[in-house]
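Participant: A single structure is presented below for examination.
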Amino acid sequence: MPVRPSSKRATLSKTSPSIEIPPINAKVRSLDNGLEVIIREDHQHPLVSVQIWVKAGSIHEEKWTGAGLAHCVEHMLFKGTWKRSPSDISQGIQNLGGYVNAYTTFNRTVYWIDGLAEHTEGYLDILADMVRNSRFDAADLEKEQEVIRREMAMGNDDPSGALQHLVQSTSFRQHPLRHPIIGHRAVFDQVSRDDVYGFVQRQYVPNNCFIVIAGAVDTEVTFAAVEKLLGDWQRRPFEPILLPQEPKQVGARVTHKNFATELTHLALGWQIPGDGHEDKPALDVLAFLLGAGRSSRLNQELRERRSIAYSTWAGAWGAQECGVFNTEVECDPANTEACHQSMLEVVKALQIKGPTKDELSKAVRATLSGQLRTLSSTKGQAASLGHGWLATGSLDHSRHYLAKIRALTPNDIRAVAQKYLLSEACNVVSVGPPQPVSATATAAGRQQESTQRFILKNGLTLLVQENARLPLVSIRTSFLAGVTAETDANAGVTQISAALLLKGTKSRTAAQIAAELENRGGSLQCHADAHRYVLGADVVCGDEAQAFQLIADLILQPSLPAAQLIEVKKRQLATLQEEKEDPLTVAMRCARREIFTGEPFARTALGTETSIKAIKVDDCRRMLKDSLQAQNGIISVVGDVKAAGVRKLVEASFGKMARGQKREIAHFPANKKRKPVSHALEMEKEQAVLVIGFRSVGLHDPDSLALALIDEACSDMGSRLFNRIREELGLAYYVGAQQFAALGAGAFYFYVGTDPKKVDLALQEMLTQIQDLAENGLTAAELQRAKTAWKSSWLRSQQGNGGLADAYGWNEINGKGHDYLQKLPEIMAAISDKDIRRVAKAYLCKERAYIVRVEPQKK
């Protein structure tokens with residue numbers, strides 16, 4: 001079996017002469033049965049991603065097109081094989097520290113496990129068994145079909161999903177891209193076990209699949225393992241499916257779907273060629289320029305300048321032979337037509353003049369930095385290799401694609417905009433309240449590098465970890481604020497003031513702030529959560545000085561324009577409205593208000609409708625002044641830097657920050673005398689949701705770590721909740737747990753999404769399972785799986801500079817210390833089954849449960 005190594009290096013010449021994409025160094029072999037195997041060694045972390053790619057998706061369902069067969073098969077592969085039960089699969093993977101999942105799209109289905117490299121063969125053994133030997137039991141299929149129907153109902157409740165499906169069905173008349181991946185309910189209901197298994201027999205053959213493995217593996221040993229486990233998989237006749245050719249669109253199409261939502265989701269879509277076409281790189285850049293980031297043209301025009309949209313987006317997607325270019329906005333119903341016209345105007349401007357050289361340079365640099373970030377994790381490496389192999393049969397696809405991107409000129413972008421975004425072939429699609437759109441205007445296995453800690457003269461703490469693996473740098477600044485620093489009267493002011501920081505400084509306009517790092521392929525973060533402000537940047541090595549200057553300008557010289565506050569508040573209110581449309585979020589928020597009645601965490605970081613409307617610029621200025629102080633903040637930097645150089649940059653940029661003082665971390669003991677209550681709510685939705693909540697402890701209490709393991713044990717596909725309530729009884733589509741461990745307070749939630757007809761049974765069974773957990777804790781096997789899964793997750797969280805910088809900063813500012821991240825494995829390993837039983841009994845007693853049920857409105 002000959003080995004074909006990939007090419008060695010790639011640079012981005014004109015735009016970024018000093019930046020290189022590291023060599024892929026992957027190898028590929030073909031087994032005698034036609035199965036192709038791609039392996040990439042990366043020993044940066046003791047992790048691996050094992051992926052099986054099946055070249056069969058929703059467009060390959062032939063006479064059952066629109067039934068969702070490919071997606072159904074994906075579900076069924078987790079229902080057991082001839083030698084493994086469903087729990088054997090999920091728990092077996094957990095036992096090996098792995099995390100398993102799968103996804104189906106138009107042209108592929110991918111099964112993957114991320115975990116510890118030492119168990120690569122174990123992961124491969126399980127995936128191979130699933131793909132080759134799944135039972136497809138008729139009774140299991142019947143149960144899983146009901147699960148998928150619940151998933152369909154969830155999709156029907158989501159306006160974004162409804163818009164996506166409407167774009168597909170409007171843009172295509174013949175090609176199977178017009179159908180949703182999950183299928184149509186009416187067609188899906190006609191599918192039998194023989195139909196599903198027949199799809200597997202045709203498509204799940206070694207000569208229609210390939211394996212991708214990336215991580216800390218030995219290439220030859222891994223090839224041998226694949227040969228052992230899959231070499232005897234029998235090759236079978238495989239006839240490629242001939243897909244119908246989509247006729248050229250010759251007229252505009254307008255479609256609207258009435259939807260129970262307060263906001264309108266609007267899209268303009270055009271037919272384009274597929275991923276294999278020579279114009280695809282230019283179309284991708286055109287989409288980036290229109291809808292990627294705060295400096296994109298749609299965002300700047302519709303959201304920032306005209307304030308008629310809450311969010312904007314653009315993308316070019318599809319299959320190998322054809323696709324869709326679409327732009328999307330979310331807006332108030334009254335602004336639908338204005339958004340529609342403005343979107344066309346923005347497109348027209350690019351058709352007339354094309355992008356500027358600076359805009360194009362930004363897109364090229366962003367594409368490169370995005371590729372570099374993909375390579376920072378084993379999962380990203382495997383996914384990149386798999387996508388390239390599927391699209392072109394080359395391990396160098398990403399490099400060739402980047403070369404085409406690099407060669408683009410402004411005229412190339414203008415040309416594809418003129419060629420494809422034609423007004424006479426535009427599809428205008430909207431989802432929301434009744435509002436017709438006018439058709440007339442359409443047109444750590446290795447030891448982490450040590451973290452160095454410095455205290456500046458003004459008291460600001462600086463953390464630096466040098467990591468030269470990739471030429472990337474992540475910066476995070478954290479300042480305590482959030483829910484506990486707010487009152488009922490100004491709730492939400494931390495998030496609102498964070499958004500207002502982006503609206504300008506004394507030396508930069510909002511547009512300049514949005515574009516400064518994006519023009520260089522970087523990104524700027526400026527947001528707030530329940531505990532803190534977070535300002536940061538992810539940039540290419542060499543751009544960190546510019547990033548520090550920009551962040552310091554936002555913190556020290558914000559203009560806080562009053563005119564922009566109105567728009568920021570409108571977007572915050574729109575986010576609140578979106579939460580009110582999701583049944584699970586509604587139930588969670590209700591439980592939270594009851595659990596923390598009279599305390600700060602009864603509120604969320606968003607605030608309330610009343611408090612948001614009352615916030616003034618002075619409120620924002622006061623919160624920022626009290627919070628953005630040196631002793632209340634941390635700057636953490638991880639990446640290709642030298643600590644001494646970073647310290648000089650930070651001193652130059654932040655040395656004038658006021659010393660101030662650190663906010664005190666308050667603790668809120670639970671009122672044990674308060675009796676829990678239950679709530680029954682109704683929504684105009686198809687699904688029912690149950691949330692069962694308990695008061696627990698904050699993240700500084702050692703019991704929070706035992707609760708984290710209980711969360712882990714109850715949230716995976718191998719959990720007792722999943723296996724009992726979803727698998728055995730068929731009472732739910734999703735079921736799990738969620739720990740909320742805040743500064744000074746905490747809660748623990750169980751949740752389930754179910755058929756409204758089964759809500760009482762689901763509640764009864766959930767309470768039974770919770771009571772058993774409170775009385776008996778976790779089994780030894782459950783606890784071991786939870787610890788192994790937690791450790792694997794802990795390792796995966798350290799693969800990117802951004803995640804590390806944020807974790808170091810958060811742990812330092814909350815008082816645990818920046819090195820707490822590395823201490824955690826030893827602490828978690830020491831938690832015993834006795835600890836779990838004590839904690840479960842203390843906090844998860846059924847009599848202390850706050851129960852919220854959300855059901856469809858009674859007709």
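Naming scheme: A, B, ... for chains in displayed order of the structure tokens; residues 1 onward per chain; ligands 1 onward as shown.
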Apply DSSP to the backbone of this structure and, from stretch 23-99 of chain A, keep only the residues in strand (DSSP E); write these as JSON, numbers by chain.
Facilitator: {"A": [26, 27, 28, 29, 30, 36, 37, 38, 39, 40, 41, 47, 48, 49, 50, 51, 52, 53, 54, 99]}
Participant: Which residue, A:Thr264, A:Gln320, A:Gln418, A:Asn519, has the smallest gap to A:Arg365 when you use only C-alpha atoms?
Facilitator: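 Smallest distance to A:Arg365 is found for A:Asn519.
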Participant: Could you give me, as a VMD selection string, the residues within 8 Å of stretch 718-725 of chain A, counting only C-alpha atoms and dropping anything in the same chain fewer than 5 positions from it?
Facilitator: chain A and resid 87 89 to 91 94 713 730 to 732 734 to 736 762 765 to 766 769 782
Participant: Write the selection just made, keeping C-alpha atoms, as an mmCIF file, in the first residue's frame?
Facilitator:
data_model
loop_
_atom_site.group_PDB
_atom_site.id
_atom_site.type_symbol
_atom_site.label_atom_id
_atom_site.label_comp_id
_atom_site.auth_asym_id
_atom_site.auth_seq_id
_atom_site.Cartn_x
_atom_site.Cartn_y
_atom_site.Cartn_z
ATOM 1 C CA SER A 87 -25.175 1.679 26.666
ATOM 2 C CA ILE A 89 -21.329 2.022 23.040
ATOM 3 C CA SER A 90 -21.798 5.201 25.045
ATOM 4 C CA GLN A 91 -20.335 3.916 28.293
ATOM 5 C CA GLN A 94 -16.816 7.230 28.274
ATOM 6 C CA ALA A 713 -22.576 11.621 34.610
ATOM 7 C CA GLY A 730 -38.981 6.737 24.602
ATOM 8 C CA LEU A 731 -40.228 9.675 26.682
ATOM 9 C CA ALA A 732 -37.883 12.387 25.402
ATOM 10 C CA TYR A 734 -33.280 15.335 24.852
ATOM 11 C CA VAL A 735 -32.626 14.902 28.543
ATOM 12 C CA GLY A 736 -29.783 15.941 30.784
ATOM 13 C CA ALA A 762 -41.586 12.084 31.922
ATOM 14 C CA GLU A 765 -39.677 9.135 35.784
ATOM 15 C CA MET A 766 -37.341 12.117 36.159
ATOM 16 C CA GLN A 769 -34.272 8.957 38.819
ATOM 17 C CA GLU A 782 -20.747 5.989 36.531
#
Participant: Using only C-alpha atoms, which residues of stretch 258-296 of chain A come within 10 Å of stretch 145-167 of chain A, and what is the closest atom pair for each, with the distance in Å to one decimal? Give it as JSON lines, sorted by chain and residue number.
Facilitator:
{"residue": "A:Asn258", "atom": "CA", "partner": "A:Pro159", "partner_atom": "CA", "distance": 9.9}
{"residue": "A:Phe259", "atom": "CA", "partner": "A:Pro159", "partner_atom": "CA", "distance": 7.2}
{"residue": "A:Ala260", "atom": "CA", "partner": "A:Asp157", "partner_atom": "CA", "distance": 8.6}
{"residue": "A:Thr261", "atom": "CA", "partner": "A:Pro159", "partner_atom": "CA", "distance": 7.6}
{"residue": "A:Leu263", "atom": "CA", "partner": "A:Pro159", "partner_atom": "CA", "distance": 9.1}
{"residue": "A:Thr264", "atom": "CA", "partner": "A:Pro159", "partner_atom": "CA", "distance": 8.6}
{"residue": "A:His265", "atom": "CA", "partner": "A:Leu163", "partner_atom": "CA", "distance": 6.9}
{"residue": "A:Leu266", "atom": "CA", "partner": "A:Leu163", "partner_atom": "CA", "distance": 7.7}
{"residue": "A:Ala267", "atom": "CA", "partner": "A:Val167", "partner_atom": "CA", "distance": 7.4}
{"residue": "A:Leu268", "atom": "CA", "partner": "A:Val167", "partner_atom": "CA", "distance": 8.2}
{"residue": "A:Gly269", "atom": "CA", "partner": "A:Val167", "partner_atom": "CA", "distance": 6.8}
{"residue": "A:Trp270", "atom": "CA", "partner": "A:Val167", "partner_atom": "CA", "distance": 9.4}
Participant: Please identify all polymer residues within 9 Å of A:Ala528, counting only C-alpha atoms, omitting same-chain residues fewer than 6 positions from it, and present them as a list in words.
Facilitator: Ala481, Gly482, Thr494, Gln495, Ile496, Ser497, Ala498, Ala499, Val534, Leu535 and Ala605 of chain A
Participant: Export all heavy atoms of the chosen residues as a PDB file, in the first residue's frame?
Facilitator:
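What ended up in out06.pdb:
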ATOM      1  N   ALA A 481     -17.449  42.452  37.539  1.00  0.00           N
ATOM      2  CA  ALA A 481     -18.642  43.311  37.437  1.00  0.00           C
ATOM      3  C   ALA A 481     -19.840  42.372  37.434  1.00  0.00           C
ATOM      4  O   ALA A 481     -19.910  41.437  38.210  1.00  0.00           O
ATOM      5  CB  ALA A 481     -18.584  44.194  36.186  1.00  0.00           C
ATOM      6  N   GLY A 482     -20.804  42.597  36.558  1.00  0.00           N
ATOM      7  CA  GLY A 482     -21.875  41.642  36.334  1.00  0.00           C
ATOM      8  C   GLY A 482     -23.019  41.710  37.315  1.00  0.00           C
ATOM      9  O   GLY A 482     -23.272  42.727  37.957  1.00  0.00           O
ATOM     10  N   THR A 494     -24.042  45.982  32.771  1.00  0.00           N
ATOM     11  CA  THR A 494     -22.694  45.508  32.437  1.00  0.00           C
ATOM     12  C   THR A 494     -22.638  45.095  30.974  1.00  0.00           C
ATOM     13  O   THR A 494     -21.731  45.505  30.233  1.00  0.00           O
ATOM     14  CB  THR A 494     -22.283  44.329  33.341  1.00  0.00           C
ATOM     15  OG1 THR A 494     -22.484  44.674  34.714  1.00  0.00           O
ATOM     16  CG2 THR A 494     -20.825  43.973  33.126  1.00  0.00           C
ATOM     17  N   GLN A 495     -23.593  44.309  30.531  1.00  0.00           N
ATOM     18  CA  GLN A 495     -23.596  43.890  29.126  1.00  0.00           C
ATOM     19  C   GLN A 495     -23.837  45.077  28.192  1.00  0.00           C
ATOM     20  O   GLN A 495     -23.210  45.185  27.137  1.00  0.00           O
ATOM     21  CB  GLN A 495     -24.652  42.809  28.891  1.00  0.00           C
ATOM     22  CG  GLN A 495     -24.236  41.440  29.374  1.00  0.00           C
ATOM     23  CD  GLN A 495     -25.014  40.323  28.686  1.00  0.00           C
ATOM     24  OE1 GLN A 495     -25.960  40.558  27.948  1.00  0.00           O
ATOM     25  NE2 GLN A 495     -24.604  39.097  28.924  1.00  0.00           N
ATOM     26  N   ILE A 496     -24.741  45.949  28.544  1.00  0.00           N
ATOM     27  CA  ILE A 496     -25.046  47.089  27.687  1.00  0.00           C
ATOM     28  C   ILE A 496     -23.845  48.015  27.577  1.00  0.00           C
ATOM     29  O   ILE A 496     -23.492  48.481  26.478  1.00  0.00           O
ATOM     30  CB  ILE A 496     -26.287  47.836  28.221  1.00  0.00           C
ATOM     31  CG1 ILE A 496     -27.537  47.003  27.941  1.00  0.00           C
ATOM     32  CG2 ILE A 496     -26.407  49.220  27.596  1.00  0.00           C
ATOM     33  CD1 ILE A 496     -28.809  47.566  28.531  1.00  0.00           C
ATOM     34  N   SER A 497     -23.176  48.289  28.685  1.00  0.00           N
ATOM     35  CA  SER A 497     -22.002  49.162  28.633  1.00  0.00           C
ATOM     36  C   SER A 497     -20.860  48.506  27.866  1.00  0.00           C
ATOM     37  O   SER A 497     -20.086  49.199  27.187  1.00  0.00           O
ATOM     38  CB  SER A 497     -21.560  49.551  30.044  1.00  0.00           C
ATOM     39  OG  SER A 497     -21.306  48.408  30.845  1.00  0.00           O
ATOM     40  N   ALA A 498     -20.734  47.182  27.950  1.00  0.00           N
ATOM     41  CA  ALA A 498     -19.708  46.486  27.156  1.00  0.00           C
ATOM     42  C   ALA A 498     -19.966  46.683  25.670  1.00  0.00           C
ATOM     43  O   ALA A 498     -19.046  46.957  24.886  1.00  0.00           O
ATOM     44  CB  ALA A 498     -19.685  45.004  27.503  1.00  0.00           C
ATOM     45  N   ALA A 499     -21.220  46.550  25.256  1.00  0.00           N
ATOM     46  CA  ALA A 499     -21.564  46.764  23.845  1.00  0.00           C
ATOM     47  C   ALA A 499     -21.333  48.217  23.444  1.00  0.00           C
ATOM     48  O   ALA A 499     -20.910  48.500  22.311  1.00  0.00           O
ATOM     49  CB  ALA A 499     -23.013  46.368  23.602  1.00  0.00           C
ATOM     50  N   VAL A 534     -15.202  41.222  29.666  1.00  0.00           N
ATOM     51  CA  VAL A 534     -14.105  40.537  28.982  1.00  0.00           C
ATOM     52  C   VAL A 534     -13.819  41.293  27.689  1.00  0.00           C
ATOM     53  O   VAL A 534     -14.678  41.399  26.811  1.00  0.00           O
ATOM     54  CB  VAL A 534     -14.441  39.074  28.657  1.00  0.00           C
ATOM     55  CG1 VAL A 534     -13.272  38.416  27.924  1.00  0.00           C
ATOM     56  CG2 VAL A 534     -14.767  38.302  29.927  1.00  0.00           C
ATOM     57  N   LEU A 535     -12.620  41.854  27.576  1.00  0.00           N
ATOM     58  CA  LEU A 535     -12.156  42.456  26.340  1.00  0.00           C
ATOM     59  C   LEU A 535     -10.917  41.698  25.911  1.00  0.00           C
ATOM     60  O   LEU A 535     -10.032  41.411  26.739  1.00  0.00           O
ATOM     61  CB  LEU A 535     -11.821  43.938  26.517  1.00  0.00           C
ATOM     62  CG  LEU A 535     -13.006  44.880  26.753  1.00  0.00           C
ATOM     63  CD1 LEU A 535     -13.339  44.964  28.237  1.00  0.00           C
ATOM     64  CD2 LEU A 535     -12.693  46.274  26.218  1.00  0.00           C
ATOM     65  N   ALA A 605     -27.598  38.045  33.282  1.00  0.00           N
ATOM     66  CA  ALA A 605     -26.760  39.156  32.843  1.00  0.00           C
ATOM     67  C   ALA A 605     -27.475  40.064  31.851  1.00  0.00           C
ATOM     68  O   ALA A 605     -27.079  41.216  31.668  1.00  0.00           O
ATOM     69  CB  ALA A 605     -25.472  38.618  32.226  1.00  0.00           C
TER      70      ALA A 605
END
Participant: Would you list, as a PyMOL selection string, the residues of stretch 36-274 of chain A that end up in alpha helix (DSSP H) under DSSP run on this structure's backbone?
Facilitator: chain A and resi 69-76+86-95+120-133+138-156+159-171+185-188+193-203+219-230
Participant: Please provide as JSON, numbers by chain all residues within 10 Å of A:Ala643, with the sequence filter that same-chain residues fewer than 6 positions apart are discarded (counting only C-alpha atoms).
Facilitator: {"A": [451, 452, 453, 454, 462, 463, 464, 465, 466, 637, 649]}
Participant: Would you write out those residues with N, CA and C atoms, as a short mmCIF file (atom, residue, chain, number, x, y, z; two decimals), in the first residue's frame?
Facilitator:
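Produced file selection_27.cif, reproduced below:
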data_model
loop_
_atom_site.label_atom_id
_atom_site.label_comp_id
_atom_site.auth_asym_id
_atom_site.auth_seq_id
_atom_site.Cartn_x
_atom_site.Cartn_y
_atom_site.Cartn_z
N THR A 451 3.26 29.61 33.30
CA THR A 451 2.65 30.93 33.16
C THR A 451 3.38 31.90 34.07
N GLN A 452 3.83 33.00 33.48
CA GLN A 452 4.55 34.02 34.25
C GLN A 452 3.57 35.09 34.72
N ARG A 453 3.73 35.52 35.96
CA ARG A 453 2.81 36.47 36.58
C ARG A 453 3.56 37.74 36.96
N PHE A 454 3.01 38.88 36.54
CA PHE A 454 3.61 40.18 36.85
C PHE A 454 2.55 41.08 37.48
N LEU A 462 -0.72 40.81 35.28
CA LEU A 462 -0.46 40.32 33.93
C LEU A 462 0.00 38.87 34.00
N LEU A 463 -0.65 38.01 33.22
CA LEU A 463 -0.26 36.60 33.09
C LEU A 463 0.19 36.35 31.66
N VAL A 464 1.32 35.69 31.48
CA VAL A 464 1.83 35.41 30.13
C VAL A 464 2.29 33.97 30.06
N GLN A 465 1.81 33.27 29.04
CA GLN A 465 2.30 31.92 28.76
C GLN A 465 2.84 31.89 27.34
N GLU A 466 4.10 31.59 27.19
CA GLU A 466 4.74 31.54 25.88
C GLU A 466 4.44 30.20 25.22
N VAL A 637 -2.28 36.53 28.54
CA VAL A 637 -1.80 36.43 27.16
C VAL A 637 -1.20 35.04 26.96
N LEU A 649 4.73 46.04 26.41
CA LEU A 649 3.56 46.50 25.66
C LEU A 649 2.40 46.83 26.60
#
